[in-house]
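Chemist: One file: protein.tsv (TSV, C-alpha atoms and all ligand atoms).
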chain	number	residue	atom	x	y	z
A	680	GLY	CA	-12.89	-19.44	-15.11
A	681	VAL	CA	-13.87	-23.08	-15.01
A	682	SER	CA	-14.28	-24.45	-11.49
A	683	GLY	CA	-10.95	-25.81	-10.29
A	684	GLY	CA	-9.10	-23.86	-12.99
A	685	PRO	CA	-5.99	-21.77	-12.42
A	686	ASN	CA	-7.93	-18.54	-11.76
A	687	ASP	CA	-10.29	-19.96	-9.16
A	688	GLU	CA	-8.14	-19.74	-6.04
A	689	LEU	CA	-9.72	-16.41	-5.02
A	690	ASN	CA	-13.28	-17.59	-5.51
A	691	GLY	CA	-15.23	-17.03	-2.26
A	692	LYS	CA	-12.19	-15.64	-0.45
A	693	HIS	CA	-12.31	-12.36	1.51
A	694	VAL	CA	-9.69	-9.98	0.15
A	695	VAL	CA	-8.85	-6.70	1.93
A	696	ILE	CA	-6.90	-4.11	-0.08
A	697	SER	CA	-5.59	-0.73	1.08
A	698	ALA	CA	-5.20	1.93	-1.60
A	699	GLY	CA	-4.14	5.54	-2.09
A	700	GLY	CA	-1.88	7.89	-0.20
A	701	THR	CA	-2.58	8.79	3.41
A	702	ARG	CA	-3.25	12.43	4.31
A	703	GLU	CA	-1.77	13.61	7.58
A	704	PRO	CA	-3.47	16.79	8.85
A	705	LEU	CA	-1.68	19.94	10.00
A	706	ASP	CA	-4.86	21.87	10.69
A	707	PRO	CA	-8.51	21.72	9.48
A	708	VAL	CA	-7.59	22.81	5.93
A	709	ARG	CA	-4.06	21.42	5.35
A	710	TYR	CA	-2.37	18.04	5.22
A	711	LEU	CA	0.90	16.34	4.30
A	712	GLY	CA	0.28	13.96	1.41
A	713	ASN	CA	1.99	12.03	-1.39
A	714	ARG	CA	1.54	11.38	-5.10
A	715	SER	CA	-0.06	7.94	-4.87
A	716	SER	CA	-3.18	7.87	-7.06
A	717	GLY	CA	-4.70	4.65	-5.73
A	718	LYS	CA	-5.05	3.28	-9.28
A	719	GLN	CA	-3.06	0.09	-8.63
A	720	GLY	CA	-5.11	-0.74	-5.53
A	721	TYR	CA	-8.39	-0.18	-7.41
A	722	ALA	CA	-7.17	-2.32	-10.32
A	723	LEU	CA	-6.33	-5.10	-7.83
A	724	ALA	CA	-9.78	-4.79	-6.26
A	725	ALA	CA	-11.54	-4.99	-9.63
A	726	ALA	CA	-9.47	-8.00	-10.71
A	727	ALA	CA	-10.09	-9.85	-7.42
A	728	ALA	CA	-13.85	-9.21	-7.69
A	729	ARG	CA	-13.79	-10.61	-11.26
A	730	ARG	CA	-12.22	-13.76	-9.81
A	731	GLY	CA	-15.10	-14.20	-7.40
A	732	ALA	CA	-13.54	-12.78	-4.23
A	733	ARG	CA	-15.44	-10.72	-1.67
A	734	VAL	CA	-13.43	-7.51	-1.76
A	735	THR	CA	-13.09	-4.74	0.81
A	736	LEU	CA	-11.17	-1.67	-0.32
A	737	VAL	CA	-9.80	0.55	2.45
A	738	SER	CA	-8.99	3.72	0.58
A	739	THR	CA	-8.00	7.35	0.80
A	740	ALA	CA	-8.74	7.87	-2.90
A	741	SER	CA	-11.94	9.06	-4.61
A	742	LEU	CA	-11.83	6.89	-7.72
A	743	PRO	CA	-14.87	5.12	-9.24
A	744	LEU	CA	-15.60	2.03	-7.12
A	745	PRO	CA	-15.32	-1.23	-9.10
A	746	GLY	CA	-18.48	-3.38	-9.18
A	747	GLY	CA	-19.02	-5.72	-6.24
A	748	VAL	CA	-16.39	-4.01	-4.05
A	749	ASP	CA	-17.10	-2.66	-0.53
A	750	LEU	CA	-15.47	0.67	0.36
A	751	VAL	CA	-14.13	1.83	3.72
A	752	LYS	CA	-12.98	5.44	3.40
A	753	VAL	CA	-9.97	6.62	5.47
A	754	GLU	CA	-7.61	9.60	5.48
A	755	THR	CA	-4.73	9.10	7.91
A	756	ALA	CA	-2.28	6.28	8.59
A	757	LEU	CA	-3.78	5.83	12.07
A	758	GLU	CA	-7.29	5.47	10.61
A	759	LEU	CA	-5.98	3.04	8.01
A	760	GLU	CA	-4.23	1.00	10.73
A	761	ARG	CA	-7.42	0.81	12.80
A	762	GLU	CA	-9.55	-0.40	9.85
A	763	MET	CA	-6.95	-2.92	8.60
A	764	LYS	CA	-6.57	-4.43	12.08
A	765	ALA	CA	-10.34	-4.71	12.42
A	766	LEU	CA	-10.65	-6.49	9.04
A	767	ALA	CA	-7.54	-8.70	9.28
A	768	GLY	CA	-9.13	-11.43	11.42
A	769	GLY	CA	-11.76	-12.17	8.77
A	770	ALA	CA	-9.47	-11.82	5.75
A	771	ASP	CA	-7.96	-14.58	3.62
A	772	VAL	CA	-5.69	-12.15	1.75
A	773	ILE	CA	-4.47	-8.65	2.66
A	774	VAL	CA	-2.83	-6.33	0.15
A	775	MET	CA	-1.11	-3.18	1.45
A	776	ALA	CA	-1.09	-1.14	-1.76
A	777	ALA	CA	-1.57	2.14	0.12
A	778	ALA	CA	1.25	4.67	0.25
A	779	VAL	CA	1.36	5.16	4.01
A	780	ALA	CA	3.06	8.32	5.29
A	781	ASP	CA	6.09	7.29	7.36
A	782	PHE	CA	5.62	10.40	9.53
A	783	ARG	CA	2.75	12.66	10.63
A	784	PRO	CA	2.78	16.15	12.15
A	785	ALA	CA	3.30	15.87	15.92
A	786	GLN	CA	0.68	18.54	16.54
A	787	VAL	CA	-2.60	19.05	14.70
A	788	SER	CA	-3.93	22.57	15.17
A	789	ALA	CA	-7.65	22.70	15.95
A	790	ALA	CA	-7.83	26.11	14.23
A	791	LYS	CA	-6.40	27.19	10.89
A	792	ILE	CA	-2.73	28.13	11.26
A	793	LYS	CA	-2.25	31.86	10.47
A	794	LYS	CA	0.81	33.27	8.70
A	795	GLY	CA	1.20	36.27	11.04
A	796	PHE	CA	4.10	35.47	13.34
A	797	ALA	CA	4.82	37.29	16.60
A	798	ALA	CA	5.94	40.88	15.87
A	799	GLY	CA	9.61	40.93	14.80
A	800	ASP	CA	9.87	37.14	14.57
A	801	PRO	CA	11.68	36.47	11.29
A	802	ASP	CA	11.29	32.70	11.41
A	803	ALA	CA	8.82	30.68	9.39
A	804	PRO	CA	7.04	28.05	11.46
A	805	THR	CA	8.49	24.54	11.54
A	806	VAL	CA	6.62	21.25	11.46
A	807	GLU	CA	7.65	18.58	13.95
A	808	LEU	CA	7.02	15.03	12.73
A	809	VAL	CA	6.51	11.74	14.57
A	810	ARG	CA	6.71	8.20	13.16
A	811	ASN	CA	3.56	6.45	12.02
A	812	PRO	CA	3.16	2.75	12.89
A	813	ASP	CA	4.28	0.26	10.22
A	814	ILE	CA	0.86	-1.21	9.40
A	815	LEU	CA	2.18	-4.02	7.19
A	816	ALA	CA	4.74	-5.16	9.76
A	817	GLY	CA	2.04	-5.07	12.45
A	818	LEU	CA	-0.31	-7.24	10.38
A	819	VAL	CA	2.46	-9.78	9.69
A	820	GLU	CA	3.34	-9.88	13.39
A	821	ALA	CA	-0.29	-10.19	14.53
A	822	ARG	CA	-0.85	-13.21	12.27
A	823	GLY	CA	1.99	-15.07	13.97
A	824	ASP	CA	2.77	-18.58	12.76
A	825	SER	CA	-0.71	-19.18	11.34
A	826	ARG	CA	0.25	-17.92	7.81
A	827	THR	CA	-3.36	-16.69	7.50
A	828	PRO	CA	-4.17	-14.21	6.07
A	829	TYR	CA	-1.77	-14.29	3.11
A	830	ILE	CA	-0.14	-10.82	3.12
A	831	VAL	CA	1.07	-8.80	0.12
A	832	GLY	CA	3.23	-5.70	0.49
A	833	PHE	CA	4.11	-3.03	-2.05
A	834	ALA	CA	7.37	-1.14	-2.34
A	835	ALA	CA	8.09	1.96	-4.37
A	836	GLU	CA	11.80	1.89	-5.05
A	837	THR	CA	14.39	3.90	-6.98
A	838	GLY	CA	17.95	2.71	-7.30
A	839	ASP	CA	20.56	4.76	-5.40
A	840	GLU	CA	24.23	4.60	-4.39
A	841	HIS	CA	23.41	1.72	-2.00
A	842	GLY	CA	21.94	-0.55	-4.65
A	843	ASP	CA	19.50	-1.05	-7.51
A	844	VAL	CA	15.73	-1.51	-7.29
A	845	LEU	CA	15.98	-5.30	-6.89
A	846	THR	CA	18.57	-5.07	-4.11
A	847	HIS	CA	16.39	-2.65	-2.12
A	848	ALA	CA	13.29	-4.77	-2.80
A	849	ARG	CA	14.99	-7.98	-1.62
A	850	ALA	CA	16.07	-6.26	1.62
A	851	LYS	CA	12.56	-4.90	2.14
A	852	LEU	CA	11.00	-8.35	1.64
A	853	GLU	CA	13.32	-9.72	4.34
A	854	ARG	CA	12.45	-6.87	6.71
A	855	LYS	CA	8.69	-6.97	6.14
A	856	LYS	CA	8.38	-10.79	6.17
A	857	CYS	CA	5.28	-10.68	3.97
A	858	ASP	CA	4.46	-13.52	1.54
A	859	LEU	CA	4.78	-11.42	-1.61
A	860	LEU	CA	6.34	-8.00	-2.18
A	861	VAL	CA	5.36	-6.10	-5.32
A	862	ALA	CA	8.29	-3.76	-6.00
A	863	ASN	CA	7.45	-0.78	-8.21
A	864	GLU	CA	10.13	1.08	-10.14
A	865	VAL	CA	9.51	4.78	-9.45
A	866	GLY	CA	11.12	8.12	-10.21
A	867	ASP	CA	11.16	10.40	-13.26
A	868	GLY	CA	7.37	10.62	-13.24
A	869	VAL	CA	6.86	6.86	-13.63
A	870	THR	CA	4.17	4.93	-11.74
A	871	PHE	CA	2.61	7.64	-9.58
A	872	GLY	CA	-0.62	8.70	-11.26
A	873	GLN	CA	0.26	6.77	-14.43
A	874	ASP	CA	-1.71	3.90	-15.94
A	875	THR	CA	1.37	1.72	-16.48
A	876	SER	CA	4.33	0.61	-14.40
A	877	THR	CA	7.10	-1.97	-14.12
A	878	VAL	CA	7.03	-4.24	-11.09
A	879	HIS	CA	9.06	-7.11	-9.69
A	880	LEU	CA	7.13	-9.82	-7.81
A	881	MET	CA	9.37	-10.97	-4.96
A	882	ARG	CA	8.71	-14.04	-2.84
A	883	PRO	CA	10.90	-15.51	-0.09
A	884	GLY	CA	13.40	-17.96	-1.53
A	885	GLN	CA	12.29	-17.42	-5.13
A	886	GLU	CA	13.65	-15.58	-8.15
A	887	PRO	CA	11.85	-12.28	-8.86
A	888	VAL	CA	9.25	-12.20	-11.65
A	889	THR	CA	9.36	-8.94	-13.63
A	890	VAL	CA	6.20	-7.57	-15.27
A	891	GLY	CA	6.02	-4.54	-17.53
A	892	PRO	CA	6.10	-1.81	-18.43
A	893	ALA	CA	2.48	-2.85	-18.38
A	894	ASP	CA	-1.02	-1.59	-17.74
A	895	LYS	CA	-1.95	-1.63	-14.04
A	896	ASN	CA	-4.85	-4.00	-14.86
A	897	LEU	CA	-2.43	-6.53	-16.33
A	898	ILE	CA	-0.13	-6.14	-13.32
A	899	ALA	CA	-3.12	-6.75	-11.05
A	900	ASP	CA	-3.92	-10.01	-12.84
A	901	THR	CA	-0.29	-11.14	-12.60
A	902	VAL	CA	-0.29	-10.39	-8.84
A	903	TRP	CA	-3.47	-12.48	-8.37
A	904	ASP	CA	-1.98	-15.30	-10.46
A	905	ALA	CA	1.02	-15.35	-8.09
A	906	VAL	CA	-1.21	-15.22	-4.98
A	907	GLY	CA	-3.39	-17.98	-6.45
A	908	GLN	CA	-0.34	-20.21	-7.00
A	909	ASP	CA	0.72	-19.75	-3.38
A	910	LEU	CA	-2.79	-20.41	-2.04
A	911	SER	CA	-3.25	-23.62	-4.03
B	1001	LIG	N1	3.65	0.46	4.95
B	1001	LIG	C1	2.82	0.36	6.06
B	1001	LIG	N2	2.92	1.28	7.07
B	1001	LIG	C2	3.83	2.26	7.01
B	1001	LIG	C3	4.69	2.39	5.89
B	1001	LIG	C4	4.57	1.46	4.87
B	1001	LIG	O1	2.01	-0.56	6.11
B	1001	LIG	N3	3.90	3.13	8.01
B	1001	LIG	C5	3.54	-0.56	3.90
B	1001	LIG	C6	3.14	-0.02	2.54
B	1001	LIG	O2	1.74	-0.04	2.37
B	1001	LIG	C7	3.82	-1.04	1.62
B	1001	LIG	C8	5.06	-1.46	2.38
B	1001	LIG	O3	4.80	-1.14	3.75
B	1001	LIG	O4	3.02	-2.17	1.41
B	1001	LIG	C9	6.34	-0.83	1.97
B	1001	LIG	O5	6.25	0.57	2.05
B	1001	LIG	P1	7.55	1.43	1.78
B	1001	LIG	O6	7.26	2.87	2.00
B	1001	LIG	O7	8.13	1.01	0.48
B	1001	LIG	O8	8.52	0.84	2.93
B	1001	LIG	P2	9.04	1.44	4.28
B	1001	LIG	O9	9.16	0.29	5.24
B	1001	LIG	O10	8.22	2.59	4.74
B	1001	LIG	O11	10.52	1.88	3.93
B	1001	LIG	P3	11.09	3.21	3.20
B	1001	LIG	O12	9.95	4.15	2.94
B	1001	LIG	O13	12.10	3.75	4.16
B	1001	LIG	O14	11.71	2.67	1.93
B	1002	CA	CA	7.77	4.47	3.49
Can you dump the structure from the file as C-alpha cells?
Ligand code: CTP
Ligand code: CA
Modeler:
Amino acid sequence: GVSGGPNDELNGKHVVISAGGTREPLDPVRYLGNRSSGKQGYALAAAAARRGARVTLVSTASLPLPGGVDLVKVETALELEREMKALAGGADVIVMAAAVADFRPAQVSAAKIKKGFAAGDPDAPTVELVRNPDILAGLVEARGDSRTPYIVGFAAETGDEHGDVLTHARAKLERKKCDLLVANEVGDGVTFGQDTSTVHLMRPGQEPVTVGPADKNLIADTVWDAVGQDLS
C-alpha cells in the first residue's frame, strides 16, 4: 500500500506466528496429535509478509513456506514454548495460531512400546497424561504492563450446553487477557484442514466482528486489518 495508508502498520515490524498442531511423543514412532492443518497460520504469515513485516513462523506443519518468511520447526508444546519465549522479546506482534496439546504423555518410552503384555495380563496399557504449560498465558504474563508485543490468541470453539461459540469466546478472551482473540467455529468437519472458516474477532471492551464463511487468506487479511487498527 501507499506509505501511511491503512495497510502499512505492519511494515518493518517483526511478527512471530505459531502454526500447526503439536505432536506429543509416546515413544520413538508414536505421538498424540490433533487435526490442525496449520493453514490459517501459514495464511497469516503470507499476508503479514505481503504487508512488509519480517515474519518468523514457528511451526509443526510441513506446508510450503510463503516467500520472505523464516521457519523454526518444532514438534512438541514444550519445544514451541521454548522458541516462542526466545522470540518474544524481539517481537512486535505474536500470533498463537498453533493448536497446542493441553496434555502430553507423562512418560516417553525410549524404545518402541510392544503389544505383548506380561503373560496372563488381560489389560491394555494406559497412558498417563500431564498438563502442558499455557504458552499464550505465559507470553501475556511475561510482557507485563508494557503492552508490547501485541498478542493474538486463537480459540477453536463449539457451542455446548454451557453456551454458544460467542459466550465461550468472550470468557476465553477474559481468561487469556490477549489483545485480540480469533474465535473459530469448529465441529462437523468445519475449519480443521479446510480452506474456509467462520471466525469472530474479539477484543476487550468491543463488539465482536464476524468474518465468513470465508477463505483463510481473507480471514488473515481481516485479522491484520484489526491488528493494524490497534497498532496505529
Ligand atoms: N494455547 C497455548 N498453550 C496451551 C493451550 C493453548 O498457548 N497449552 C493457546 C492456543 O495457541 C490458542 C489459545 O491458547 O491461541 C486458545 O487455545 P484453546 O485450546 O482454545 O484454549 P484453552 O485455554 O486450552 O482452553 P480449552 O481447550 O479448555 O477450551
Ligand atoms: Ca486447549
Chemist: Considering all atoms listed in the file, state which residue in the set A:Asp687, A:Asp781, A:Asp771, A:Glu836 is at the smallest distance from Leu860 (chain A).
Modeler: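 With all atoms listed in the file as the atom set, the closest residue is A:Glu836.
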Chemist: Looking at A:Ser741, A:Thr901, A:Asn686, A:Ser715, which one is nearest to ligand CA 1002 (chain B), with distances taken over all atoms listed in the file?
Modeler: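 Selected residue with least distance to ligand CA 1002 (chain B): A:Ser715.
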Chemist: What are the closest atom pairs, with distances in Å to one decimal, for each residue of chain A lying within 9 Å of ligand LIG 1001 (chain B), using only C-alpha atoms and all ligand atoms, rows by chain and rising residue number, as a Markdown table?
Modeler:
| residue | atom | partner | partner_atom | distance |
| --- | --- | --- | --- | --- |
| A:Ser697 | CA | B:LIG1001 | O2 | 7.5 |
| A:Ala698 | CA | B:LIG1001 | O2 | 8.2 |
| A:Ala756 | CA | B:LIG1001 | N3 | 7.0 |
| A:Leu759 | CA | B:LIG1001 | O1 | 9.0 |
| A:Glu760 | CA | B:LIG1001 | O1 | 7.9 |
| A:Val774 | CA | B:LIG1001 | O4 | 7.3 |
| A:Met775 | CA | B:LIG1001 | O4 | 4.3 |
| A:Ala776 | CA | B:LIG1001 | O2 | 5.1 |
| A:Ala777 | CA | B:LIG1001 | O2 | 4.6 |
| A:Ala778 | CA | B:LIG1001 | O2 | 5.2 |
| A:Val779 | CA | B:LIG1001 | C3 | 4.7 |
| A:Ala780 | CA | B:LIG1001 | N3 | 5.9 |
| A:Asp781 | CA | B:LIG1001 | N3 | 4.7 |
| A:Phe782 | CA | B:LIG1001 | N3 | 7.6 |
| A:Arg810 | CA | B:LIG1001 | N3 | 7.8 |
| A:Asn811 | CA | B:LIG1001 | N3 | 5.2 |
| A:Pro812 | CA | B:LIG1001 | N3 | 5.0 |
| A:Asp813 | CA | B:LIG1001 | N2 | 3.6 |
| A:Ile814 | CA | B:LIG1001 | O1 | 3.5 |
| A:Leu815 | CA | B:LIG1001 | O1 | 3.6 |
| A:Ala816 | CA | B:LIG1001 | O1 | 6.5 |
| A:Gly817 | CA | B:LIG1001 | O1 | 7.8 |
| A:Leu818 | CA | B:LIG1001 | O1 | 8.3 |
| A:Val831 | CA | B:LIG1001 | O4 | 7.0 |
| A:Gly832 | CA | B:LIG1001 | O4 | 3.7 |
| A:Phe833 | CA | B:LIG1001 | O4 | 3.7 |
| A:Ala834 | CA | B:LIG1001 | O7 | 3.6 |
| A:Ala835 | CA | B:LIG1001 | O7 | 4.9 |
| A:Glu836 | CA | B:LIG1001 | O7 | 6.7 |
| A:His847 | CA | B:LIG1001 | O14 | 8.2 |
| A:Ala848 | CA | B:LIG1001 | O7 | 8.4 |
| A:Lys851 | CA | B:LIG1001 | O9 | 6.9 |
| A:Leu852 | CA | B:LIG1001 | C9 | 8.9 |
| A:Arg854 | CA | B:LIG1001 | O9 | 8.0 |
| A:Lys855 | CA | B:LIG1001 | O9 | 7.3 |
| A:Leu860 | CA | B:LIG1001 | O4 | 7.6 |
| A:Val861 | CA | B:LIG1001 | O4 | 8.1 |
| A:Ala862 | CA | B:LIG1001 | O7 | 8.0 |
| A:Asn863 | CA | B:LIG1001 | O7 | 8.9 |
Chemist: What is the CA of Ile696 (chain A)-CA of Gln786 (chain A) distance in Å, reported with one decimal?
Modeler: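 Those two atoms sit 29.1 Å apart.
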Chemist: Closest to Gly720 (chain A) among A:Val708, A:Leu859, A:Ala732, A:Val695, using only C-alpha atoms?
Modeler: A:Val695
Chemist: Env of Val906 (chain A): 10 Å cut, atoms = only C-alpha atoms, seq-sep filter 4 positions within chain, self excluded. Answer as a list of chain:residue names.
Modeler: A:Glu688, A:Leu689, A:Val772, A:Tyr829, A:Ile830, A:Val831, A:Asp858, A:Leu859, A:Asp900, A:Thr901, A:Val902, A:Leu910, A:Ser911
Chemist: When distances are computed from all atoms listed in the file, which of A:Gly700, A:Arg729, A:Leu705, A:Val734 shows the smallest separation from Glu807 (chain A)?
Modeler: A:Leu705
Chemist: Quick one, how far is CA of Ser825 (chain A) from CA of Gly884 (chain A)?
Modeler: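 Separating CA of Ser825 (chain A) from CA of Gly884 (chain A) is a distance of 19.1 Å.
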